[in-house]
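Participant: Dumping the structure here so I can ask a few things about it.
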Amino acid sequence: MMKIIGWVLAVVLFIGVGFYSTTVFAYHSSKELFNFPVPKHAELVEESTQGKTYEWPHVSEEHGIPVAYEVVLKVNGWEKGQREGASVYYIKGNHQIDVISHTDLLTLRKIK
């Protein structure tokens, strides 16, 4: 019985470490966007003084951003705010970022 419990704990630990490493290390902080986490594999397609647009196949207008990205935002202190269609506001202190998800496009805009 103890052997089975040991194997179950080892598998759960392995899955937990795998999930943690794939979520935390898959994002980097953007200094221009108040250190908001940005997917490392997203390709920058447009940039302005207000924000950036990335091509990233993991987002869609219907489903928004992936759950793993939401977890990373939460871990980094960004709280989910108001939602308006494909746009979701994230707030951390005095800073606010508008996350707009379209099919294969992620737009991050500074609000304040």
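By order in the structure tokens, chains are A, B, ...; within a chain, residues start at 1; ligands start at 1, following the order shown.
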Skip Ser29 of chain A itself and residues of its chain fewer than 5 positions away, then list as an mmCIF file with C-alpha atoms, in the first residue's frame all residues within 12 Å of it, counting only C-alpha atoms.

Facilitator:
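The file below, out37.cif, is the result:
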data_model
loop_
_atom_site.group_PDB
_atom_site.id
_atom_site.type_symbol
_atom_site.label_atom_id
_atom_site.label_comp_id
_atom_site.auth_asym_id
_atom_site.auth_seq_id
_atom_site.Cartn_x
_atom_site.Cartn_y
_atom_site.Cartn_z
ATOM 1 C CA VAL A 24 6.441 30.233 -15.300
ATOM 2 C CA PHE A 34 4.650 47.745 -16.310
ATOM 3 C CA ASN A 35 6.363 44.301 -16.124
ATOM 4 C CA PHE A 36 3.259 42.562 -17.457
ATOM 5 C CA PRO A 37 4.011 38.918 -18.372
ATOM 6 C CA VAL A 38 4.247 38.300 -22.136
ATOM 7 C CA PRO A 39 4.434 34.853 -23.768
ATOM 8 C CA LYS A 40 8.009 34.123 -24.904
ATOM 9 C CA VAL A 72 0.934 33.366 -14.458
ATOM 10 C CA LEU A 73 -0.829 36.743 -14.342
ATOM 11 C CA ASN A 76 2.644 37.963 -10.755
#

Participant: Could you pull the residues within 8 Å of segment 44-57 of chain A, counting only C-alpha atoms, minus those fewer than 6 positions along the same chain, as a ChimeraX atom specification?

Facilitator: /A:33,103-111

Participant: Taking only C-alpha atoms into account, name the residue in A:Val99, A:Ala10, A:Ile91, A:Ala42 that is nearest to Tyr27 of chain A.

Facilitator: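 Checking each of A:Val99, A:Ala10, A:Ile91, A:Ala42 against Tyr27 of chain A, counting only C-alpha atoms, the winner is A:Ala42.
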
Participant: Out of A:Lys92, A:Gln82, A:Val8, A:Ser101, which residue has the shortest atom-to-atom distance to Pro66 of chain A when counting only C-alpha atoms?

Facilitator: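 Among A:Lys92, A:Gln82, A:Val8, A:Ser101, it is A:Ser101 that comes nearest to Pro66 of chain A.
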
Participant: Just list the residues in chain A DSSP gives strand (DSSP E) on the backbone, as number ranges by chain.

Facilitator: A: 27-30, 36-39, 43-47, 51-55, 79-84, 87-92, 95-102, 105-110

Participant: Please return, as a ChimeraX atom specification, all residues of chain A that DSSP assigns to alpha helix (DSSP H) on the basis of the backbone.

Facilitator: /A:2-24,67-75

Participant: Take the residues just selected and output them with N, CA, C and O atoms as a short mmCIF file (atom, residue, chain, number, x, y, z; two decimals), in the first residue's frame.

Facilitator:
data_model
loop_
_atom_site.label_atom_id
_atom_site.label_comp_id
_atom_site.auth_asym_id
_atom_site.auth_seq_id
_atom_site.Cartn_x
_atom_site.Cartn_y
_atom_site.Cartn_z
N MET A 2 1.92 1.25 0.81
CA MET A 2 2.81 2.42 0.89
C MET A 2 3.52 2.65 -0.44
O MET A 2 3.80 3.78 -0.81
N LYS A 3 3.80 1.57 -1.16
CA LYS A 3 4.45 1.69 -2.45
C LYS A 3 3.54 2.41 -3.45
O LYS A 3 4.00 3.25 -4.21
N ILE A 4 2.25 2.10 -3.42
CA ILE A 4 1.29 2.75 -4.32
C ILE A 4 1.17 4.22 -3.98
O ILE A 4 1.17 5.07 -4.87
N ILE A 5 1.08 4.54 -2.70
CA ILE A 5 0.98 5.94 -2.27
C ILE A 5 2.23 6.70 -2.71
O ILE A 5 2.17 7.83 -3.17
N GLY A 6 3.39 6.07 -2.57
CA GLY A 6 4.65 6.70 -3.00
C GLY A 6 4.65 6.99 -4.49
O GLY A 6 5.07 8.06 -4.92
N TRP A 7 4.18 6.05 -5.30
CA TRP A 7 4.12 6.25 -6.75
C TRP A 7 3.12 7.35 -7.11
O TRP A 7 3.39 8.18 -7.98
N VAL A 8 1.98 7.37 -6.46
CA VAL A 8 0.98 8.40 -6.72
C VAL A 8 1.54 9.78 -6.38
O VAL A 8 1.40 10.74 -7.15
N LEU A 9 2.19 9.90 -5.24
CA LEU A 9 2.79 11.18 -4.85
C LEU A 9 3.88 11.60 -5.84
O LEU A 9 4.00 12.78 -6.18
N ALA A 10 4.68 10.64 -6.30
CA ALA A 10 5.74 10.95 -7.27
C ALA A 10 5.14 11.45 -8.58
O ALA A 10 5.64 12.43 -9.16
N VAL A 11 4.07 10.82 -9.03
CA VAL A 11 3.43 11.25 -10.28
C VAL A 11 2.81 12.64 -10.12
O VAL A 11 2.97 13.50 -10.99
N VAL A 12 2.13 12.87 -9.01
CA VAL A 12 1.53 14.19 -8.76
C VAL A 12 2.62 15.26 -8.69
O VAL A 12 2.48 16.35 -9.26
N LEU A 13 3.71 14.96 -8.02
CA LEU A 13 4.83 15.91 -7.93
C LEU A 13 5.42 16.19 -9.31
O LEU A 13 5.69 17.34 -9.66
N PHE A 14 5.61 15.14 -10.10
CA PHE A 14 6.14 15.30 -11.45
C PHE A 14 5.23 16.17 -12.31
O PHE A 14 5.70 17.07 -13.01
N ILE A 15 3.94 15.94 -12.25
CA ILE A 15 2.98 16.74 -13.01
C ILE A 15 2.99 18.19 -12.52
O ILE A 15 2.97 19.13 -13.32
N GLY A 16 3.04 18.38 -11.21
CA GLY A 16 3.08 19.74 -10.65
C GLY A 16 4.32 20.50 -11.08
O GLY A 16 4.23 21.67 -11.47
N VAL A 17 5.47 19.87 -11.01
CA VAL A 17 6.72 20.52 -11.44
C VAL A 17 6.68 20.81 -12.93
O VAL A 17 7.09 21.88 -13.38
N GLY A 18 6.14 19.89 -13.71
CA GLY A 18 6.02 20.11 -15.16
C GLY A 18 5.11 21.28 -15.48
O GLY A 18 5.45 22.13 -16.31
N PHE A 19 3.96 21.37 -14.82
CA PHE A 19 3.03 22.48 -15.04
C PHE A 19 3.67 23.80 -14.63
O PHE A 19 3.59 24.79 -15.35
N TYR A 20 4.33 23.81 -13.47
CA TYR A 20 4.98 25.02 -12.99
C TYR A 20 6.05 25.51 -13.97
O TYR A 20 6.09 26.68 -14.32
N SER A 21 6.90 24.60 -14.42
CA SER A 21 7.98 25.01 -15.31
C SER A 21 7.48 25.46 -16.68
O SER A 21 8.02 26.38 -17.26
N THR A 22 6.43 24.83 -17.18
CA THR A 22 5.92 25.24 -18.49
C THR A 22 5.14 26.54 -18.42
O THR A 22 5.06 27.25 -19.41
N THR A 23 4.61 26.89 -17.28
CA THR A 23 3.89 28.15 -17.18
C THR A 23 4.80 29.30 -16.81
O THR A 23 4.80 30.34 -17.46
N VAL A 24 5.60 29.13 -15.78
CA VAL A 24 6.44 30.23 -15.30
C VAL A 24 7.55 30.59 -16.28
O VAL A 24 7.80 31.76 -16.55
N VAL A 67 -5.65 29.17 -19.70
CA VAL A 67 -5.71 29.12 -18.24
C VAL A 67 -4.30 29.27 -17.64
O VAL A 67 -4.13 29.96 -16.63
N ALA A 68 -3.30 28.67 -18.26
CA ALA A 68 -1.93 28.78 -17.75
C ALA A 68 -1.47 30.24 -17.74
O ALA A 68 -0.77 30.66 -16.81
N TYR A 69 -1.86 31.02 -18.75
CA TYR A 69 -1.50 32.44 -18.79
C TYR A 69 -2.22 33.19 -17.67
O TYR A 69 -1.64 34.05 -17.01
N GLU A 70 -3.47 32.85 -17.41
CA GLU A 70 -4.21 33.47 -16.30
C GLU A 70 -3.53 33.17 -14.97
O GLU A 70 -3.45 34.04 -14.10
N VAL A 71 -3.03 31.94 -14.81
CA VAL A 71 -2.32 31.56 -13.59
C VAL A 71 -1.05 32.40 -13.43
O VAL A 71 -0.76 32.92 -12.35
N VAL A 72 -0.30 32.57 -14.50
CA VAL A 72 0.93 33.37 -14.46
C VAL A 72 0.62 34.82 -14.10
O VAL A 72 1.33 35.43 -13.30
N LEU A 73 -0.44 35.37 -14.67
CA LEU A 73 -0.83 36.74 -14.34
C LEU A 73 -1.18 36.86 -12.86
O LEU A 73 -0.76 37.80 -12.19
N LYS A 74 -1.92 35.90 -12.35
CA LYS A 74 -2.32 35.90 -10.93
C LYS A 74 -1.09 35.78 -10.03
O LYS A 74 -0.97 36.51 -9.04
N VAL A 75 -0.17 34.89 -10.38
CA VAL A 75 1.05 34.70 -9.58
C VAL A 75 1.89 35.97 -9.57
O VAL A 75 2.53 36.29 -8.56
#

Participant: What is the distance between atom CA of Gly64 of chain A and atom CA of Ile100 of chain A, in Å to one decimal?

Facilitator: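 Going from atom CA of Gly64 of chain A over to atom CA of Ile100 of chain A, I get 8.1 Å.
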
Participant: What is the distance between atom CA of His102 of chain A and atom CA of Glu43 of chain A, in Å to one decimal?

Facilitator: 14.4 Å

Participant: So which residues touch Gly93 of chain A within 9 Å, counting only C-alpha atoms, skipping near sequence neighbours fewer than 2 positions away, as a PyMOL selection string?

Facilitator: chain A and resi 77-78+91+95-96

Participant: Any idea what the distance is between atom CA of Glu79 of chain A and atom CA of Ile97 of chain A?

Facilitator: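 Those two atoms sit 10.2 Å apart.
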